[in-house]
Structures are given as structure tokens and as C-alpha cells.
Amino acid sequence: MRLPEMCPPAMGTGIEEVLAAIPADQRTPAFNEPWEAQAFALTLALLRRGAFTWSEWSATLGEEIKRAQESGDADSGTTYYRHWLAAGERLVRDKGLATDDALHRYRDAWNRAAGRTPHGEPIVLEPRDLT
């Protein structure tokens, strides 16, 4: 899949040219961890399905970042996708796509699965994680 196909419609025009203009020595990986890429992809999937608009998304992400900064986040860039995830969870909850209980259930399941997974291996949720 090409990058413009991944981006919301408002971002698709000219993005390849913009990215190509970044000097090669200044390009860094977009994601430090696999879960960051998954959070990104999930957000794009929800946007494409109309769960929320790009304006709602960007406003909510900005609010989450501001909230974190006001709570002492050093804003070093290492927590950016945590804010991304918090914004996604908030929109999913606010739009009635999932309840707080469901979000907590899946967060707890993820933590259980991560706890038994050897470092470097993919984390796999199993039915037992959701009980």
C-alpha cells in the first residue's frame, strides 16, 4: 500500500513529494515499537470507516498532549504514541463504540498477554486473556 492510500483524504495530495524532500540523513523511523504502528493503523481504519472525522481526531490528540504536558510530561517525543492511543480510546468511548469497561477489559487482557510473552516475540491475545 502506498502512503497516500493510507492517509486521510485531506492528507493524500502531494505527500510523497513532501516526504521525498526530507534529506535521507534526517529520516527516522516513524515508529519505535510495533504497537505504535498498530495504534496508527487502527486510527486510520476508524477514520476511513467514519467513526470520527480528521478534525475530531486532531483536536482530541491535541487535547491529550496538552493534558499530559500539564501533568508533567516532558514532551521529549517518547510518549507521543501514548497520547495517540489515549486520544483513540477517548474517541471510541465518546462515540459509543466501546464502553470504559470494554476498554479496561482489553487493556488488562493485553497486559496479561504481554506479561507471558518473551521479549522480542509478538504478543498474542488468547481467549483466556479476556476472562
# chains A, B, ... in the order shown; residues from 1 in each chain; ligands from 1
>>> residues_around(residues="Arg128 (chain A)", least_positions_apart="5", cutoff="10 Å", atoms="only C-alpha atoms", output="VMD selection string")
chain A and resid 109 112 to 113
>>> write_last_selection(atoms="C-alpha atoms", output="PDB file, in the first residue's frame")
ATOM      1  CA  ALA A 109      -6.012  -8.672  28.573  1.00  0.00           C
ATOM      2  CA  ARG A 112      -1.696 -10.364  30.763  1.00  0.00           C
ATOM      3  CA  ALA A 113      -0.614 -11.442  27.288  1.00  0.00           C
TER       4      ALA A 113
END
>>> residues_around(residues="Gly62 (chain A)", least_positions_apart="6", cutoff="10 Å", atoms="only C-alpha atoms", output="ChimeraX atom specification")
/A:56,68,83-84,87
>>> atom_distance(atom1="CA of Leu125 (chain A)", atom2="CA of Pro29 (chain A)")
26.3 Å
>>> atom_distance(atom1="CA of Ser58 (chain A)", atom2="CA of Thr79 (chain A)")
16.5 Å
>>> closest_residue(among="A:Gly96, A:Tyr80, A:Gly120, A:Ala74", to="Ala39 (chain A)", atoms="only C-alpha atoms")
A:Tyr80
>>> atom_distance(atom1="CA of Phe31 (chain A)", atom2="CA of Gly77 (chain A)")
11.1 Å
>>> residues_around(residues="Asp108 (chain A)", least_positions_apart="6", cutoff="10 Å", atoms="only C-alpha atoms", output="list in words")
Ala102, Ala114, Asp129, Leu130 and Thr131 of chain A
>>> residues_around(residues="Asn111 (chain A)", least_positions_apart="5", cutoff="10 Å", atoms="only C-alpha atoms", output="number ranges by chain")
A: 105-106, 116-117, 123, 125, 129
>>> select_by_dssp(residues="chain A", states="alpha helix (DSSP H)", output="PyMOL selection string")
chain A and resi 3-6+9-12+15-20+34-48+54-70+80-94+100-116
>>> closest_residue(among="A:Ser71, A:Thr78, A:Leu47, A:Trp110", to="Pro127 (chain A)", atoms="only C-alpha atoms")
A:Trp110
>>> closest_residue(among="A:Ile22, A:Leu85, A:Leu97, A:Leu91", to="Gln38 (chain A)", atoms="only C-alpha atoms")
A:Leu85
